[in-house]
$ cat target00.txt   # compact mmCIF, C-alpha atoms and all ligand atoms
# COMPACT_ATOMS: atom_id res chain seq x y z
CA MET Y 26 9.64 -11.25 26.55
CA GLU Y 27 10.71 -11.13 30.22
CA GLY Y 28 13.91 -9.11 29.75
CA GLU Y 29 12.04 -6.46 27.75
CA TRP Y 30 9.35 -5.89 30.34
CA ARG Y 31 10.60 -2.67 31.77
CA LYS Y 32 12.13 -1.20 28.60
CA SER Y 33 11.12 2.39 28.13
CA ILE Y 34 10.41 3.73 24.64
CA LEU Y 35 10.02 7.34 23.59
CA VAL Y 36 7.46 7.62 20.79
CA THR Y 37 7.53 10.95 18.97
CA GLY Y 38 4.30 11.70 17.11
CA GLY Y 39 2.57 9.06 19.24
CA ALA Y 40 -0.80 10.87 19.15
CA GLY Y 41 -0.89 10.52 15.36
CA TYR Y 42 -2.36 7.77 13.21
CA ILE Y 43 0.46 5.22 13.07
CA GLY Y 44 2.02 6.36 16.36
CA SER Y 45 -1.17 5.76 18.37
CA HIS Y 46 -1.62 2.22 17.04
CA THR Y 47 2.04 1.39 17.63
CA THR Y 48 1.91 2.85 21.14
CA LEU Y 49 -0.99 0.53 21.95
CA GLN Y 50 0.92 -2.52 20.69
CA LEU Y 51 4.03 -1.48 22.65
CA LEU Y 52 2.00 -1.17 25.87
CA LEU Y 53 0.36 -4.55 25.33
CA ASP Y 54 3.83 -6.02 24.77
CA GLY Y 55 4.88 -4.76 28.21
CA TYR Y 56 6.90 -1.68 27.25
CA LYS Y 57 6.72 1.63 29.09
CA VAL Y 58 5.88 4.37 26.60
CA VAL Y 59 6.38 8.11 26.76
CA VAL Y 60 4.66 9.96 23.93
CA ILE Y 61 5.67 13.41 22.80
CA ASP Y 62 3.56 15.20 20.23
CA ASN Y 63 2.79 18.84 19.50
CA LEU Y 64 -0.78 17.84 18.49
CA ASP Y 65 -0.34 19.70 15.23
CA ASN Y 66 -2.17 16.94 13.31
CA SER Y 67 -3.69 14.94 16.17
CA SER Y 68 -5.56 15.14 19.42
CA GLU Y 69 -4.84 14.14 23.01
CA GLU Y 70 -8.08 12.14 22.88
CA ALA Y 71 -6.18 9.54 20.82
CA VAL Y 72 -3.67 9.11 23.64
CA ARG Y 73 -6.47 8.82 26.20
CA ARG Y 74 -8.20 6.12 24.11
CA VAL Y 75 -4.94 4.20 23.66
CA ALA Y 76 -4.43 4.14 27.44
CA LYS Y 77 -8.00 2.86 27.87
CA LEU Y 78 -7.60 0.15 25.21
CA ALA Y 79 -4.36 -0.97 26.89
CA GLY Y 80 -6.36 -1.85 30.05
CA GLU Y 81 -4.06 -2.87 32.89
CA TYR Y 82 -1.05 -1.65 30.87
CA GLY Y 83 -2.54 1.81 30.37
CA HIS Y 84 -0.71 3.24 33.39
CA ASN Y 85 2.60 2.61 31.59
CA LEU Y 86 1.80 5.43 29.16
CA SER Y 87 2.58 9.10 29.68
CA PHE Y 88 2.17 12.07 27.39
CA HIS Y 89 3.95 15.40 26.95
CA GLN Y 90 2.71 18.04 24.55
CA VAL Y 91 6.08 19.03 23.14
CA ASP Y 92 7.30 20.27 19.76
CA LEU Y 93 10.58 18.63 18.72
CA ARG Y 94 11.76 22.00 17.44
CA ASP Y 95 11.66 23.21 21.05
CA LYS Y 96 14.98 21.73 22.08
CA GLU Y 97 14.72 22.77 25.72
CA ALA Y 98 11.30 21.16 26.16
CA THR Y 99 12.42 17.97 24.38
CA GLU Y 100 15.60 17.84 26.48
CA LYS Y 101 13.45 18.11 29.62
CA VAL Y 102 11.57 14.93 28.70
CA PHE Y 103 14.90 13.10 28.37
CA SER Y 104 16.00 14.39 31.77
CA LEU Y 105 12.89 12.87 33.39
CA GLU Y 106 13.41 9.34 32.08
CA LYS Y 107 16.10 7.12 30.57
CA PHE Y 108 14.91 5.71 27.25
CA ASP Y 109 16.09 2.40 25.83
CA ALA Y 110 15.06 3.42 22.31
CA VAL Y 111 13.12 6.03 20.35
CA ILE Y 112 10.50 5.46 17.65
CA HIS Y 113 10.35 8.67 15.66
CA PHE Y 114 7.02 9.22 13.87
CA ALA Y 115 6.71 12.98 14.37
CA GLY Y 116 6.62 14.92 11.14
CA LEU Y 117 4.43 16.69 8.64
CA LYS Y 118 3.31 14.43 5.80
CA ALA Y 119 1.07 16.19 3.27
CA VAL Y 120 2.77 16.10 -0.14
CA GLY Y 121 0.82 19.04 -1.64
CA GLU Y 122 1.35 21.23 1.41
CA SER Y 123 5.07 20.45 1.28
CA VAL Y 124 5.23 21.83 -2.27
CA ALA Y 125 3.47 25.03 -1.16
CA LYS Y 126 5.39 25.38 2.13
CA PRO Y 127 8.79 23.72 1.65
CA LEU Y 128 10.53 25.70 4.39
CA LEU Y 129 7.92 24.64 6.91
CA TYR Y 130 8.54 21.00 5.97
CA TYR Y 131 12.33 21.28 6.10
CA ASN Y 132 12.12 23.12 9.40
CA ASN Y 133 9.66 20.80 11.05
CA ASN Y 134 10.90 17.44 9.81
CA ILE Y 135 14.63 18.05 9.56
CA VAL Y 136 15.26 20.47 12.42
CA GLY Y 137 12.97 18.39 14.63
CA THR Y 138 14.95 15.24 13.79
CA LEU Y 139 18.34 16.91 14.25
CA ASN Y 140 17.29 18.14 17.69
CA LEU Y 141 16.14 14.64 18.57
CA LEU Y 142 19.38 12.98 17.40
CA GLU Y 143 21.50 15.54 19.27
CA ILE Y 144 19.56 15.07 22.48
CA MET Y 145 19.66 11.28 22.11
CA THR Y 146 23.46 11.49 21.68
CA ALA Y 147 23.80 13.68 24.78
CA HIS Y 148 21.77 11.16 26.80
CA ASN Y 149 23.57 8.16 25.32
CA CYS Y 150 20.37 6.76 23.85
CA LYS Y 151 21.46 5.55 20.42
CA LYS Y 152 18.71 3.19 19.28
CA LEU Y 153 16.28 4.66 16.77
CA VAL Y 154 13.41 3.46 14.60
CA PHE Y 155 12.52 6.05 11.95
CA SER Y 156 9.37 6.43 9.81
CA SER Y 157 10.59 6.62 6.25
CA SER Y 158 8.36 6.12 3.25
CA ALA Y 159 8.03 4.36 -0.08
CA THR Y 160 8.03 7.88 -1.46
CA VAL Y 161 11.86 7.65 -1.50
CA TYR Y 162 11.56 5.26 -4.48
CA GLY Y 163 10.06 8.10 -6.56
CA GLN Y 164 8.62 6.69 -9.79
CA PRO Y 165 10.18 3.20 -9.64
CA ASN Y 166 11.29 1.73 -12.97
CA GLU Y 167 10.13 -1.69 -11.91
CA VAL Y 168 8.22 -3.39 -9.10
CA PRO Y 169 8.36 -4.83 -6.50
CA CYS Y 170 10.58 -2.19 -4.89
CA THR Y 171 13.58 -3.67 -3.15
CA GLU Y 172 15.50 -1.75 -0.50
CA ASP Y 173 18.53 -1.33 -2.79
CA PHE Y 174 16.60 0.56 -5.50
CA PRO Y 175 17.94 4.01 -6.43
CA LEU Y 176 16.36 6.72 -4.30
CA CYS Y 177 14.68 9.78 -5.73
CA ALA Y 178 12.37 12.21 -4.00
CA MET Y 179 9.61 13.87 -6.01
CA ASN Y 180 8.68 16.71 -3.63
CA PRO Y 181 9.88 18.50 -0.46
CA TYR Y 182 8.11 15.99 1.82
CA GLY Y 183 9.90 13.11 0.08
CA ARG Y 184 13.18 15.00 0.28
CA THR Y 185 12.82 15.34 4.06
CA LYS Y 186 12.53 11.54 4.27
CA LEU Y 187 15.50 11.05 1.97
CA PHE Y 188 17.65 13.62 3.83
CA ILE Y 189 16.79 12.13 7.21
CA GLU Y 190 17.71 8.66 5.95
CA GLU Y 191 21.09 10.08 4.85
CA ILE Y 192 21.54 11.94 8.14
CA CYS Y 193 20.96 8.66 9.99
CA ARG Y 194 23.47 6.82 7.77
CA ASP Y 195 26.06 9.55 8.40
CA ALA Y 196 25.41 9.56 12.16
CA HIS Y 197 25.98 5.82 12.27
CA GLN Y 198 29.07 6.08 10.06
CA ALA Y 199 30.61 8.60 12.47
CA ASP Y 200 29.56 6.76 15.61
CA PRO Y 201 28.98 3.00 15.20
CA GLU Y 202 27.27 2.88 18.57
CA TRP Y 203 24.15 4.10 16.78
CA LYS Y 204 21.66 1.36 15.90
CA ILE Y 205 19.06 2.58 13.46
CA MET Y 206 16.10 1.04 11.63
CA LEU Y 207 14.80 3.03 8.68
CA LEU Y 208 11.32 1.66 7.93
CA ARG Y 209 9.88 2.50 4.54
CA TYR Y 210 6.10 2.31 4.88
CA PHE Y 211 3.93 1.70 1.87
CA ASN Y 212 0.25 2.78 2.23
CA PRO Y 213 -1.05 2.39 5.77
CA VAL Y 214 -4.83 2.06 6.07
CA GLY Y 215 -7.41 0.55 8.44
CA ALA Y 216 -7.74 0.96 12.17
CA HIS Y 217 -7.64 -0.96 15.44
CA SER Y 218 -10.40 -3.61 15.50
CA SER Y 219 -12.16 -1.85 18.43
CA GLY Y 220 -12.94 1.05 16.11
CA ASN Y 221 -11.92 3.42 18.92
CA ILE Y 222 -8.70 4.68 17.35
CA GLY Y 223 -8.02 5.40 13.70
CA GLU Y 224 -6.90 8.04 11.23
CA ASP Y 225 -8.41 11.49 11.74
CA PRO Y 226 -6.74 13.94 9.36
CA ARG Y 227 -7.26 17.68 9.75
CA GLY Y 228 -8.92 19.38 6.77
CA ILE Y 229 -9.45 17.73 3.39
CA PRO Y 230 -7.83 14.27 3.37
CA ASN Y 231 -4.93 13.88 0.93
CA ASN Y 232 -4.94 10.11 0.96
CA LEU Y 233 -7.37 7.72 -0.65
CA MET Y 234 -8.91 5.82 2.25
CA PRO Y 235 -9.56 8.72 4.66
CA PHE Y 236 -11.29 10.43 1.73
CA VAL Y 237 -13.37 7.34 0.89
CA GLN Y 238 -14.32 7.04 4.54
CA GLN Y 239 -15.55 10.64 4.66
CA VAL Y 240 -17.66 10.07 1.53
CA ALA Y 241 -19.17 6.97 3.19
CA VAL Y 242 -20.32 8.91 6.26
CA GLY Y 243 -21.70 11.77 4.17
CA ARG Y 244 -19.03 14.37 4.91
CA ARG Y 245 -18.08 14.64 1.23
CA PRO Y 246 -20.21 14.03 -1.88
CA GLU Y 247 -17.87 11.93 -4.03
CA LEU Y 248 -14.41 10.53 -4.47
CA VAL Y 249 -12.32 12.12 -7.19
CA VAL Y 250 -10.32 9.34 -8.89
CA PHE Y 251 -6.97 10.76 -9.95
CA GLY Y 252 -6.16 9.17 -13.30
CA THR Y 253 -7.92 6.42 -15.26
CA ASP Y 254 -5.39 6.03 -18.07
CA TYR Y 255 -2.51 4.35 -16.25
CA LYS Y 256 -1.18 1.14 -17.77
CA THR Y 257 -2.67 -0.90 -14.93
CA LYS Y 258 -5.43 -3.55 -14.74
CA ASP Y 259 -8.24 -0.95 -14.71
CA GLY Y 260 -6.40 2.27 -15.56
CA THR Y 261 -6.18 3.56 -11.96
CA GLY Y 262 -3.07 3.81 -9.79
CA VAL Y 263 -1.81 0.72 -8.00
CA ARG Y 264 -0.44 0.77 -4.43
CA ASP Y 265 0.57 -1.55 -1.63
CA TYR Y 266 -2.00 -0.97 1.14
CA ILE Y 267 -0.98 -2.29 4.53
CA HIS Y 268 -3.14 -2.63 7.64
CA VAL Y 269 -1.99 -0.22 10.33
CA MET Y 270 -1.98 -3.06 12.90
CA ASP Y 271 0.44 -5.04 10.71
CA LEU Y 272 2.55 -1.90 10.39
CA SER Y 273 2.52 -1.45 14.17
CA ASP Y 274 3.68 -5.03 14.65
CA GLY Y 275 6.46 -4.33 12.14
CA HIS Y 276 7.75 -1.67 14.54
CA ILE Y 277 7.77 -4.11 17.45
CA ALA Y 278 9.72 -6.56 15.27
CA ALA Y 279 12.20 -3.82 14.32
CA LEU Y 280 12.63 -2.80 17.95
CA ARG Y 281 13.25 -6.39 18.97
CA LYS Y 282 15.89 -6.66 16.24
CA LEU Y 283 17.55 -3.48 17.55
CA PHE Y 284 17.72 -4.87 21.06
CA GLU Y 285 18.81 -8.36 20.06
CA THR Y 286 21.40 -7.74 17.33
CA LYS Y 287 24.82 -6.55 18.40
CA ASP Y 288 26.12 -4.83 15.27
CA ILE Y 289 22.93 -3.98 13.45
CA GLY Y 290 24.25 -0.62 12.21
CA CYS Y 291 21.83 1.44 10.13
CA GLU Y 292 19.44 -0.85 8.25
CA VAL Y 293 16.50 -0.17 5.97
CA TYR Y 294 13.34 -2.29 5.62
CA ASN Y 295 10.22 -2.04 3.50
CA LEU Y 296 6.98 -2.49 5.43
CA GLY Y 297 4.35 -3.50 2.91
CA THR Y 298 2.35 -6.56 1.88
CA GLY Y 299 3.86 -7.12 -1.56
CA GLN Y 300 0.35 -6.91 -3.10
CA GLY Y 301 -0.67 -4.20 -5.57
CA THR Y 302 -4.29 -2.95 -5.44
CA SER Y 303 -5.88 -0.38 -7.76
CA VAL Y 304 -7.99 2.58 -6.65
CA LEU Y 305 -11.14 0.99 -8.09
CA GLU Y 306 -10.41 -2.34 -6.38
CA MET Y 307 -9.97 -0.55 -3.07
CA VAL Y 308 -13.22 1.36 -3.52
CA ALA Y 309 -15.06 -1.88 -4.38
CA ALA Y 310 -13.66 -3.59 -1.27
CA PHE Y 311 -14.75 -0.66 0.88
CA GLU Y 312 -18.24 -0.61 -0.63
CA LYS Y 313 -18.55 -4.32 0.14
CA ALA Y 314 -17.35 -3.90 3.73
CA SER Y 315 -19.55 -0.89 4.45
CA GLY Y 316 -22.62 -1.51 2.31
CA LYS Y 317 -22.26 2.13 1.18
CA LYS Y 318 -22.09 3.32 -2.40
CA ILE Y 319 -19.13 5.61 -3.05
CA PRO Y 320 -19.97 8.03 -5.90
CA LEU Y 321 -16.96 8.55 -8.17
CA LYS Y 322 -15.79 11.45 -10.28
CA LEU Y 323 -13.17 10.40 -12.79
CA ALA Y 324 -10.44 13.01 -13.20
CA ASP Y 325 -6.95 13.62 -14.54
CA ARG Y 326 -3.85 12.20 -12.95
CA ARG Y 327 -2.55 13.92 -9.81
CA PRO Y 328 0.82 15.48 -10.71
CA GLY Y 329 3.80 13.53 -9.42
CA ASP Y 330 1.85 10.32 -8.74
CA PRO Y 331 3.63 7.13 -9.77
CA GLU Y 332 1.67 4.47 -11.66
CA THR Y 333 2.37 1.32 -9.70
CA VAL Y 334 4.23 0.94 -6.41
CA TYR Y 335 4.44 -2.15 -4.25
CA ALA Y 336 7.00 -3.62 -1.92
CA SER Y 337 9.36 -6.49 -1.98
CA THR Y 338 8.76 -7.94 1.48
CA GLU Y 339 11.55 -10.48 1.48
CA LYS Y 340 14.11 -8.58 3.56
CA ALA Y 341 11.68 -7.78 6.39
CA GLU Y 342 10.35 -11.34 6.37
CA GLN Y 343 13.82 -12.86 6.58
CA GLU Y 344 15.56 -10.42 8.90
CA LEU Y 345 12.76 -9.04 11.06
CA ASN Y 346 10.78 -12.26 11.05
CA TRP Y 347 7.71 -10.15 10.30
CA LYS Y 348 5.07 -10.51 7.60
CA ALA Y 349 1.79 -8.64 7.11
CA GLN Y 350 -1.22 -10.79 8.03
CA TYR Y 351 -4.20 -8.78 6.79
CA GLY Y 352 -5.65 -8.28 3.31
CA ILE Y 353 -7.76 -5.45 1.89
CA GLU Y 354 -11.02 -6.99 3.19
CA GLU Y 355 -9.83 -6.66 6.79
CA MET Y 356 -8.37 -3.22 6.10
CA CYS Y 357 -11.71 -1.97 4.76
CA ARG Y 358 -13.72 -3.72 7.49
CA ASP Y 359 -11.70 -2.02 10.23
CA GLN Y 360 -11.57 1.33 8.43
CA TRP Y 361 -15.37 1.25 8.19
CA ASN Y 362 -15.79 0.21 11.82
CA TRP Y 363 -13.74 3.25 12.90
CA ALA Y 364 -15.65 5.54 10.50
CA ARG Y 365 -19.05 4.20 11.56
CA LYS Y 366 -18.31 4.67 15.25
CA ASN Y 367 -16.49 7.98 14.79
CA PRO Y 368 -17.87 9.79 11.74
CA TRP Y 369 -16.22 12.99 12.97
CA GLY Y 370 -13.01 11.30 14.10
CA TYR Y 371 -11.91 12.10 17.65
CA GLY Y 372 -14.53 14.84 17.74
CA SER Y 373 -17.17 12.07 17.92
CA PRO Y 374 -18.38 10.85 21.32
CA GLU Y 375 -16.80 7.54 22.36
CA THR Y 376 -19.39 4.78 21.95
CA ASP Y 377 -17.90 2.23 24.37
P1 LIG V 401 0.19 11.79 11.63
O1 LIG V 401 0.16 13.18 11.15
O2 LIG V 401 -1.10 11.17 12.03
O3 LIG V 401 1.21 11.66 12.86
C1 LIG V 401 2.37 12.46 12.98
C2 LIG V 401 2.33 13.10 14.35
O4 LIG V 401 3.49 13.90 14.53
C3 LIG V 401 1.12 14.01 14.54
O5 LIG V 401 0.43 13.61 15.71
C4 LIG V 401 1.72 15.40 14.68
O6 LIG V 401 0.96 16.22 15.56
C5 LIG V 401 3.11 15.10 15.20
N1 LIG V 401 4.12 16.10 14.90
C6 LIG V 401 4.41 16.68 13.69
N2 LIG V 401 5.43 17.53 13.81
C7 LIG V 401 5.82 17.50 15.12
C8 LIG V 401 6.83 18.17 15.85
N3 LIG V 401 7.64 19.06 15.28
N4 LIG V 401 6.95 17.90 17.17
C9 LIG V 401 6.13 17.02 17.77
N5 LIG V 401 5.16 16.35 17.13
C10 LIG V 401 5.00 16.59 15.82
O7 LIG V 401 0.91 10.89 10.53
P2 LIG V 401 1.08 9.31 10.41
O8 LIG V 401 0.32 8.86 9.23
O9 LIG V 401 0.85 8.66 11.72
O10 LIG V 401 2.62 9.24 10.02
C11 LIG V 401 3.63 9.01 10.97
C12 LIG V 401 4.98 9.06 10.27
O11 LIG V 401 5.00 8.09 9.23
C13 LIG V 401 5.28 10.40 9.60
O12 LIG V 401 6.65 10.68 9.77
C14 LIG V 401 4.96 10.14 8.15
O13 LIG V 401 5.70 10.98 7.29
C15 LIG V 401 5.37 8.69 7.99
N6 LIG V 401 4.68 8.02 6.89
C16 LIG V 401 3.31 8.03 6.82
C17 LIG V 401 2.66 7.42 5.74
C18 LIG V 401 1.16 7.45 5.62
O14 LIG V 401 0.67 7.26 4.51
N7 LIG V 401 0.40 7.66 6.70
C19 LIG V 401 3.42 6.78 4.75
C20 LIG V 401 4.81 6.76 4.86
C21 LIG V 401 5.43 7.38 5.94
N1 LIG V 402 -6.23 8.81 -5.03
C1 LIG V 402 -7.39 9.17 -5.67
N2 LIG V 402 -8.19 10.10 -5.07
C2 LIG V 402 -7.89 10.67 -3.87
C3 LIG V 402 -6.69 10.28 -3.22
C4 LIG V 402 -5.88 9.35 -3.84
O1 LIG V 402 -7.69 8.68 -6.75
O2 LIG V 402 -8.64 11.52 -3.38
C5 LIG V 402 -5.35 7.78 -5.66
C6 LIG V 402 -3.96 8.28 -6.00
O3 LIG V 402 -3.92 8.88 -7.26
C7 LIG V 402 -3.16 6.98 -5.90
C8 LIG V 402 -3.89 6.18 -4.82
O4 LIG V 402 -5.18 6.74 -4.73
O5 LIG V 402 -3.25 6.27 -7.10
C9 LIG V 402 -3.22 6.30 -3.45
O6 LIG V 402 -3.05 7.66 -3.11
P1 LIG V 402 -2.63 8.14 -1.66
O7 LIG V 402 -2.57 9.62 -1.66
O8 LIG V 402 -3.50 7.49 -0.63
O9 LIG V 402 -1.19 7.48 -1.48
P2 LIG V 402 0.17 7.74 -2.29
O10 LIG V 402 0.70 6.40 -2.64
O11 LIG V 402 -0.01 8.69 -3.39
O12 LIG V 402 1.06 8.45 -1.20
C10 LIG V 402 1.08 7.99 0.15
C11 LIG V 402 1.49 9.15 1.04
C12 LIG V 402 2.90 9.53 0.77
C13 LIG V 402 3.77 8.34 0.92
C14 LIG V 402 3.31 7.23 0.03
C15 LIG V 402 4.11 5.99 0.24
O13 LIG V 402 0.65 10.27 0.82
O14 LIG V 402 3.32 10.48 1.70
O15 LIG V 402 1.95 6.94 0.30
O16 LIG V 402 4.13 5.64 1.55
F1 LIG V 402 5.02 8.67 0.63

$ encode --input "target00.txt" --output "structure tokens" --more "lines below"
Ligand code: NAD
Ligand code: UFG
Amino acid sequence: MEGEWRKSILVTGGAGYIGSHTTLQLLLDGYKVVVIDNLDNSSEEAVRRVAKLAGEYGHNLSFHQVDLRDKEATEKVFSLEKFDAVIHFAGLKAVGESVAKPLLYYNNNIVGTLNLLEIMTAHNCKKLVFSSSATVYGQPNEVPCTEDFPLCAMNPYGRTKLFIEEICRDAHQADPEWKIMLLRYFNPVGAHSSGNIGEDPRGIPNNLMPFVQQVAVGRRPELVVFGTDYKTKDGTGVRDYIHVMDLSDGHIAALRKLFETKDIGCEVYNLGTGQGTSVLEMVAAFEKASGKKIPLKLADRRPGDPETVYASTEKAEQELNWKAQYGIEEMCRDQWNWARKNPWGYGSPETD
């Protein structure tokens, strides 16, 4: 869109998995993007590859290694450039680690966000897109989850998401100039079709698909399936997997809505596909896409895991004019392409 050409977006956590894919889509859409990231769970190589994939738009990307808890350093980035909006991905996200280190999670996610909101206020930048999570639905009593379901966090990580949602609602209540999109992601998987950017978690992966991918390339011997006695089609947990490129496009749609709607206030949207897929179905789809056998070890349920979670997609479809395009075949195809080309993530040499 012509009028949006020079809009400048600050992307916090833009070196991370979802942030890097969204940054690429923003650049290709003609936005200027400034990424800040402390590289706690990512590498600058991701930012370099995004700039390369963006081709002629790559020069519209800049990067600052900054921790949001360092208010002075964050403030400095705002003094260099006037931002039209902020997409705030930066945060720690490992559920188990959050149970072991709750103070770290509250400090990083909440203090980081408070700093950001205060600095945005001081610089009169009051448009925000925030990465919330389906985790705020806890163990839903029914599915699909609609945005008006009761909220209930199951662990410190989930509570940071819930608290930040409330902080955003309060900020808007006190100052209606704020325009905020709270996006509740379901289960992002897959990678950019080039296979040059993707998810590269540090340490042992917590989530299903990064683990499956590491089994496929021989980094781990088997997948442990957490729970085979759920009341689901095959006894394993059911989730709403969404291709990371669809998720990225959901952010562009949300941003457009922020810029185009006068009194948008503080709104919440699910970003999912509306389809539930079991662990065994996902493994089968990945085996088909990769031609690799994934050895399984059947185990007990993982504490705190809900049985079945998937999204109602109606609100996002109607109000953001956005709908996920890809199914699990494409998710697994692109996940495998990234894994095949980068078996050691960003530590692997770039192949083209
Ligand atoms: P990620 O870890 O790949 O990306 C997060 C980025 O934030 C990392 O690059 C990390 O280095 C950076 N970061 C963390 N704390 C920071 C700080 N204090 N200052 C600056 N940078 C900091 O994770 P992701 O999967 O891309 O997730 C992005 C966001 O989406 C997170 O807020 C996450 O909680 C949320 N989310 C993710 C999922 C998922 O399954 N991936 C699901 C729901 C919500
Ligand atoms: N699973 C396994 N083995 C593994 C990992 C996962 O069997 O090694 C199973 C889980 O039990 C679950 C399914 O695969 O049934 C998906 O698990 P993930 O950990 O990939 O995803 P979750 O839905 O449990 O949680 C993820 C994020 C949360 C986020 C939530 C919703 O970890 O932070 O999605 O967005 F809140």

$ residues_near_ligand --input "target00.txt" --ligand "ligand LIG 402 (chain V)" --cutoff "9 Å" --atoms "only C-alpha atoms and all ligand atoms" --output "PyMOL selection string"
chain Y and resi 118-120+157-163+182-183+186+209-214+230-237+248-253+261-266+303-305+307+323-324+326-334

$ write_last_selection --input "target00.txt" --atoms "C-alpha atoms" --output "mmCIF file, keeping the file's coordinate frame"
data_model
loop_
_atom_site.group_PDB
_atom_site.id
_atom_site.type_symbol
_atom_site.label_atom_id
_atom_site.label_comp_id
_atom_site.auth_asym_id
_atom_site.auth_seq_id
_atom_site.Cartn_x
_atom_site.Cartn_y
_atom_site.Cartn_z
ATOM 1 C CA LYS Y 118 3.310 14.430 5.800
ATOM 2 C CA ALA Y 119 1.070 16.190 3.270
ATOM 3 C CA VAL Y 120 2.770 16.100 -0.140
ATOM 4 C CA SER Y 157 10.590 6.620 6.250
ATOM 5 C CA SER Y 158 8.360 6.120 3.250
ATOM 6 C CA ALA Y 159 8.030 4.360 -0.080
ATOM 7 C CA THR Y 160 8.030 7.880 -1.460
ATOM 8 C CA VAL Y 161 11.860 7.650 -1.500
ATOM 9 C CA TYR Y 162 11.560 5.260 -4.480
ATOM 10 C CA GLY Y 163 10.060 8.100 -6.560
ATOM 11 C CA TYR Y 182 8.110 15.990 1.820
ATOM 12 C CA GLY Y 183 9.900 13.110 0.080
ATOM 13 C CA LYS Y 186 12.530 11.540 4.270
ATOM 14 C CA ARG Y 209 9.880 2.500 4.540
ATOM 15 C CA TYR Y 210 6.100 2.310 4.880
ATOM 16 C CA PHE Y 211 3.930 1.700 1.870
ATOM 17 C CA ASN Y 212 0.250 2.780 2.230
ATOM 18 C CA PRO Y 213 -1.050 2.390 5.770
ATOM 19 C CA VAL Y 214 -4.830 2.060 6.070
ATOM 20 C CA PRO Y 230 -7.830 14.270 3.370
ATOM 21 C CA ASN Y 231 -4.930 13.880 0.930
ATOM 22 C CA ASN Y 232 -4.940 10.110 0.960
ATOM 23 C CA LEU Y 233 -7.370 7.720 -0.650
ATOM 24 C CA MET Y 234 -8.910 5.820 2.250
ATOM 25 C CA PRO Y 235 -9.560 8.720 4.660
ATOM 26 C CA PHE Y 236 -11.290 10.430 1.730
ATOM 27 C CA VAL Y 237 -13.370 7.340 0.890
ATOM 28 C CA LEU Y 248 -14.410 10.530 -4.470
ATOM 29 C CA VAL Y 249 -12.320 12.120 -7.190
ATOM 30 C CA VAL Y 250 -10.320 9.340 -8.890
ATOM 31 C CA PHE Y 251 -6.970 10.760 -9.950
ATOM 32 C CA GLY Y 252 -6.160 9.170 -13.300
ATOM 33 C CA THR Y 253 -7.920 6.420 -15.260
ATOM 34 C CA THR Y 261 -6.180 3.560 -11.960
ATOM 35 C CA GLY Y 262 -3.070 3.810 -9.790
ATOM 36 C CA VAL Y 263 -1.810 0.720 -8.000
ATOM 37 C CA ARG Y 264 -0.440 0.770 -4.430
ATOM 38 C CA ASP Y 265 0.570 -1.550 -1.630
ATOM 39 C CA TYR Y 266 -2.000 -0.970 1.140
ATOM 40 C CA SER Y 303 -5.880 -0.380 -7.760
ATOM 41 C CA VAL Y 304 -7.990 2.580 -6.650
ATOM 42 C CA LEU Y 305 -11.140 0.990 -8.090
ATOM 43 C CA MET Y 307 -9.970 -0.550 -3.070
ATOM 44 C CA LEU Y 323 -13.170 10.400 -12.790
ATOM 45 C CA ALA Y 324 -10.440 13.010 -13.200
ATOM 46 C CA ARG Y 326 -3.850 12.200 -12.950
ATOM 47 C CA ARG Y 327 -2.550 13.920 -9.810
ATOM 48 C CA PRO Y 328 0.820 15.480 -10.710
ATOM 49 C CA GLY Y 329 3.800 13.530 -9.420
ATOM 50 C CA ASP Y 330 1.850 10.320 -8.740
ATOM 51 C CA PRO Y 331 3.630 7.130 -9.770
ATOM 52 C CA GLU Y 332 1.670 4.470 -11.660
ATOM 53 C CA THR Y 333 2.370 1.320 -9.700
ATOM 54 C CA VAL Y 334 4.230 0.940 -6.410
#

$ closest_residue --input "target00.txt" --among "Y:Thr185, Y:Thr298, Y:Gln239, Y:Asn166" --to "Ser123 of chain Y" --atoms "all atoms listed in the file"
Y:Thr185

$ residues_near_ligand --input "target00.txt" --ligand "ligand LIG 401 (chain V)" --cutoff "8 Å" --atoms "only C-alpha atoms and all ligand atoms" --output "number ranges by chain"
Y: 37-45, 61-68, 90-94, 113-118, 133-134, 137, 155-160, 182, 186, 209-214, 224-226, 232

$ axis_aligned_box --input "target00.txt" --around "segment 314-327 of chain Y" --padding-each-side "6 Å" --output "AutoDock Vina command-line options"
--center_x -12.6 --center_y 5.0 --center_z -5.0 --size_x 32.1 --size_y 29.8 --size_z 31.0

$ residues_around --input "target00.txt" --residues "Phe108 of chain Y" --least-positions-apart "4" --cutoff "12 Å" --atoms "only C-alpha atoms" --output "compact mmCIF listing (two decimals) with C-alpha atoms, in the coordinates of the input"
# COMPACT_ATOMS: atom_id res chain seq x y z
CA ARG Y 31 10.60 -2.67 31.77
CA LYS Y 32 12.13 -1.20 28.60
CA SER Y 33 11.12 2.39 28.13
CA ILE Y 34 10.41 3.73 24.64
CA LEU Y 35 10.02 7.34 23.59
CA VAL Y 36 7.46 7.62 20.79
CA TYR Y 56 6.90 -1.68 27.25
CA LYS Y 57 6.72 1.63 29.09
CA VAL Y 58 5.88 4.37 26.60
CA VAL Y 59 6.38 8.11 26.76
CA VAL Y 60 4.66 9.96 23.93
CA VAL Y 102 11.57 14.93 28.70
CA PHE Y 103 14.90 13.10 28.37
CA SER Y 104 16.00 14.39 31.77
CA ILE Y 112 10.50 5.46 17.65
CA ILE Y 144 19.56 15.07 22.48
CA MET Y 145 19.66 11.28 22.11
CA THR Y 146 23.46 11.49 21.68
CA HIS Y 148 21.77 11.16 26.80
CA ASN Y 149 23.57 8.16 25.32
CA CYS Y 150 20.37 6.76 23.85
CA LYS Y 151 21.46 5.55 20.42
CA LYS Y 152 18.71 3.19 19.28
CA LEU Y 153 16.28 4.66 16.77
